[in-house]
>>> print(open('run_11.txt').read())   # compact mmCIF, C-alpha atoms
# COMPACT_ATOMS: atom_id res chain seq x y z
CA MET A 1202 58.82 64.51 53.47
CA ILE A 1203 57.08 62.16 51.04
CA SER A 1204 56.63 63.83 47.65
CA GLY A 1205 55.42 62.90 44.18
CA LEU A 1206 52.59 63.24 41.73
CA PRO A 1207 49.01 62.43 42.71
CA GLY A 1208 48.38 58.70 42.55
CA THR A 1209 51.97 57.60 43.21
CA GLY A 1210 51.05 56.40 46.70
CA LYS A 1211 52.25 59.27 48.89
CA THR A 1212 49.54 59.05 51.53
CA ALA A 1213 49.60 55.25 51.80
CA VAL A 1214 53.40 55.16 51.98
CA ALA A 1215 53.56 58.08 54.44
CA ALA A 1216 50.99 56.41 56.70
CA GLY A 1217 52.92 53.13 56.60
CA VAL A 1218 56.27 54.78 57.28
CA ALA A 1219 54.82 56.92 60.09
CA ALA A 1220 53.38 53.80 61.71
CA ARG A 1221 56.77 52.04 61.50
CA LEU A 1222 58.54 55.08 62.99
CA GLY A 1223 55.89 55.86 65.59
CA ALA A 1224 55.72 59.29 63.94
CA VAL A 1225 52.95 61.79 63.27
CA HIS A 1226 51.53 61.65 59.72
CA LEU A 1227 50.30 64.89 58.17
CA SER A 1228 48.79 65.27 54.70
CA ILE A 1229 48.35 68.43 52.66
CA ASP A 1230 45.22 67.00 51.03
CA THR A 1231 43.54 66.39 54.39
CA ALA A 1232 44.26 69.97 55.46
CA GLU A 1233 43.02 71.38 52.16
CA ASP A 1234 39.87 69.24 52.30
CA ALA A 1235 39.10 70.61 55.78
CA MET A 1236 39.69 74.18 54.61
CA LEU A 1237 37.35 73.71 51.67
CA GLY A 1238 34.80 72.20 54.05
CA ALA A 1239 35.04 75.35 56.16
CA GLY A 1240 34.05 77.43 53.16
CA LEU A 1241 37.36 78.59 51.72
CA PRO A 1242 37.25 78.76 47.92
CA PRO A 1243 39.11 76.17 45.87
CA GLY A 1244 42.23 77.52 44.22
CA TRP A 1245 45.90 78.31 44.49
CA GLU A 1246 45.59 80.41 47.66
CA THR A 1247 43.79 77.67 49.56
CA GLY A 1248 46.38 75.15 48.37
CA VAL A 1249 49.22 77.36 49.64
CA ALA A 1250 47.34 77.88 52.92
CA ALA A 1251 47.08 74.08 53.31
CA TYR A 1252 50.88 73.85 53.06
CA GLU A 1253 51.21 76.54 55.73
CA VAL A 1254 48.69 74.91 58.07
CA THR A 1255 50.45 71.56 57.69
CA ARG A 1256 53.85 73.22 58.20
CA ALA A 1257 52.61 74.79 61.46
CA ALA A 1258 51.29 71.42 62.67
CA ALA A 1259 54.60 69.78 61.72
CA GLU A 1260 56.61 72.41 63.61
CA GLN A 1261 54.38 72.04 66.66
CA ASN A 1262 54.91 68.27 66.71
CA LEU A 1263 58.64 68.59 66.07
CA ALA A 1264 58.89 70.99 69.04
CA LEU A 1265 57.38 68.22 71.17
CA GLY A 1266 60.13 65.86 70.02
CA ARG A 1267 57.99 63.83 67.65
CA ASP A 1268 59.10 62.62 64.24
CA VAL A 1269 56.81 63.89 61.50
CA VAL A 1270 56.06 62.39 58.08
CA VAL A 1271 54.32 64.77 55.69
CA ASP A 1272 52.92 63.87 52.29
CA ALA A 1273 52.60 66.55 49.64
CA VAL A 1274 53.13 66.84 45.89
CA ASN A 1275 55.92 69.43 46.38
CA ASP A 1276 56.14 70.20 42.68
CA SER A 1277 57.73 73.64 43.10
CA GLU A 1278 60.69 75.26 44.82
CA PRO A 1279 58.45 77.42 47.08
CA ALA A 1280 56.64 74.29 48.31
CA ARG A 1281 59.92 72.53 49.09
CA SER A 1282 61.28 75.65 50.76
CA THR A 1283 58.38 75.45 53.23
CA TRP A 1284 59.81 72.21 54.61
CA ARG A 1285 63.43 73.37 54.57
CA HIS A 1286 62.52 76.39 56.70
CA ALA A 1287 60.39 74.30 59.06
CA ALA A 1288 63.28 71.87 59.59
CA GLU A 1289 65.71 74.74 60.18
CA ARG A 1290 63.40 76.38 62.73
CA ALA A 1291 62.94 73.06 64.54
CA ALA A 1292 66.65 72.19 64.22
CA VAL A 1293 65.89 68.74 62.78
CA ALA A 1294 67.10 66.82 59.75
CA LEU A 1295 64.89 66.93 56.67
CA ARG A 1296 64.76 64.02 54.28
CA PHE A 1297 62.96 64.24 50.96
CA VAL A 1298 61.60 61.00 49.50
CA VAL A 1299 60.22 61.34 45.98
CA LEU A 1300 57.81 58.67 44.81
CA THR A 1301 57.32 57.81 41.19
CA CYS A 1302 55.35 55.04 39.53
CA SER A 1303 57.28 53.84 36.49
CA ASP A 1304 54.30 51.81 35.26
CA ARG A 1305 52.07 54.50 33.71
CA THR A 1306 49.14 52.12 33.31
CA GLU A 1307 49.30 51.21 37.01
CA HIS A 1308 49.73 54.86 38.01
CA ARG A 1309 46.62 55.84 36.07
CA ARG A 1310 44.66 52.87 37.45
CA ARG A 1311 45.57 53.83 41.01
CA LEU A 1312 44.61 57.45 40.46
CA GLU A 1313 41.29 56.66 38.82
CA SER A 1314 40.28 53.97 41.33
CA ARG A 1315 41.28 55.60 44.60
CA ARG A 1316 38.67 56.57 47.14
CA ARG A 1317 40.32 58.55 49.91
CA GLY A 1318 37.21 59.73 51.72
CA LEU A 1319 37.89 63.41 51.13
CA ARG A 1320 34.56 65.19 51.00
CA HIS A 1321 35.48 68.54 49.45
CA LEU A 1322 38.71 68.03 47.49
CA PRO A 1323 37.98 66.34 44.17
CA GLU A 1324 40.35 63.75 42.76
CA PRO A 1325 42.45 65.09 39.88
CA THR A 1326 41.94 63.67 36.42
CA TRP A 1327 44.71 61.81 34.65
CA GLU A 1328 45.02 64.77 32.29
CA LYS A 1329 45.62 67.11 35.26
CA VAL A 1330 48.27 64.77 36.62
CA GLU A 1331 50.02 64.70 33.23
CA SER A 1332 49.88 68.49 33.09
CA ARG A 1333 51.29 68.73 36.59
CA ALA A 1334 54.07 66.28 35.67
CA ALA A 1335 55.07 68.48 32.73
CA ALA A 1336 55.35 71.51 35.04
CA TYR A 1337 57.02 69.66 37.96
CA GLU A 1338 60.19 71.56 38.84
CA PRO A 1339 63.41 69.50 38.94
CA TRP A 1340 64.75 68.52 42.35
CA THR A 1341 67.87 70.36 43.52
CA ASP A 1342 67.75 68.97 47.07
CA ASP A 1343 69.31 65.70 48.06
CA HIS A 1344 66.48 63.17 47.83
CA VAL A 1345 65.70 59.48 47.65
CA LEU A 1346 63.77 58.35 44.56
CA ILE A 1347 61.51 55.34 45.09
CA ASP A 1348 59.47 53.54 42.42
CA THR A 1349 56.05 52.60 43.78
CA SER A 1350 55.28 49.96 41.14
CA ALA A 1351 56.06 47.32 43.79
CA PRO A 1352 53.49 46.26 46.42
CA LEU A 1353 52.81 48.84 49.16
CA GLU A 1354 54.51 46.83 51.91
CA THR A 1355 57.69 46.58 49.82
CA VAL A 1356 57.70 50.33 49.14
CA VAL A 1357 57.06 51.21 52.81
CA GLU A 1358 59.94 48.94 53.86
CA ALA A 1359 62.27 50.51 51.26
CA VAL A 1360 61.45 54.05 52.40
CA TYR A 1361 61.70 53.08 56.07
CA ARG A 1362 65.12 51.48 55.56
CA ARG A 1363 66.43 54.54 53.69
CA LEU A 1364 65.24 56.89 56.43
CA VAL A 1365 66.64 54.78 59.27
CA GLU A 1366 69.98 54.37 57.47
CA SER A 1367 70.32 58.13 57.04
CA ARG A 1368 69.76 58.98 60.73
>>> encode(input="run_11.txt", output="structure tokens")
Amino acid sequence: MISGLPGTGKTAVAAGVAARLGAVHLSIDTAEDAMLGAGLPPGWETGVAAYEVTRAAAEQNLALGRDVVVDAVNDSEPARSTWRHAAERAAVALRFVVLTCSDRTEHRRRLESRRRGLRHLPEPTWEKVESRAAAYEPWTDDHVLIDTSAPLETVVEAVYRRLVESR
């Protein structure tokens, strides 16, 4: 589970780690974008539904014996609980990796310059990210904290090593 604020590199890191592991990569934002494209209204309920759709896809892949790497903000206990329950039902280990970008200028630059190809889910503003950071619930789960200020390849390697070491 790759978590962190928007713009910290979750999707890029998750994709890189999934490729290294030969795992399935699932993204909450991709699911939510598809749901919005199907006509669901933007809002909290659709966001929660995107977590549930992604959870179901993760469980389905885990049942097939595949490793799964999910990227999601996971800024609340209910969001994190989704993944704990999925791991319990699938009888697999869950590892939380939390990404942070210690360089605020770089974090903002990444957020404001990214083009992810999502057609229906707008990019958050820096102000929304700051607001979300202020409301981000503290982590109580065991987790690995990774600073994404380094180049992507370095971050992917660091996350990959931590996951492989903890198997």
>>> residues_around(input="run_11.txt", residues="Thr1341 of chain A", least_positions_apart="4", cutoff="12 Å", atoms="all atoms listed in the file", output="short mmCIF file (atom, residue, chain, number, x, y, z; two decimals) with C-alpha atoms, in the coordinates of the input")
data_model
loop_
_atom_site.label_atom_id
_atom_site.label_comp_id
_atom_site.auth_asym_id
_atom_site.auth_seq_id
_atom_site.Cartn_x
_atom_site.Cartn_y
_atom_site.Cartn_z
CA ASP A 1276 56.14 70.20 42.68
CA SER A 1277 57.73 73.64 43.10
CA GLU A 1278 60.69 75.26 44.82
CA ARG A 1281 59.92 72.53 49.09
CA SER A 1282 61.28 75.65 50.76
CA PHE A 1297 62.96 64.24 50.96
CA VAL A 1345 65.70 59.48 47.65
#
>>> residues_around(input="run_11.txt", residues="Ala1220 of chain A", least_positions_apart="3", cutoff="12 Å", atoms="all atoms listed in the file", output="list in words")
Ala1213, Val1214, Ala1215, Ala1216, Gly1217, Gly1223, Ala1224, Val1225, His1226, Asp1268, Val1269, Val1270, Val1357, Glu1358 and Tyr1361 of chain A
>>> residues_around(input="run_11.txt", residues="Gly1240 of chain A", least_positions_apart="6", cutoff="12 Å", atoms="all atoms listed in the file", output="PyMOL selection string")
chain A and resi 1233-1234+1247+1321-1322
>>> closest_residue(input="run_11.txt", among="A:Ala1239, A:Leu1353, A:Leu1364, A:Ala1334", to="Lys1211 of chain A", atoms="all atoms listed in the file")
A:Leu1353
>>> atom_distance(input="run_11.txt", atom1="atom CA of Gly1248 of chain A", atom2="atom CA of Ala1273 of chain A")
10.7 Å
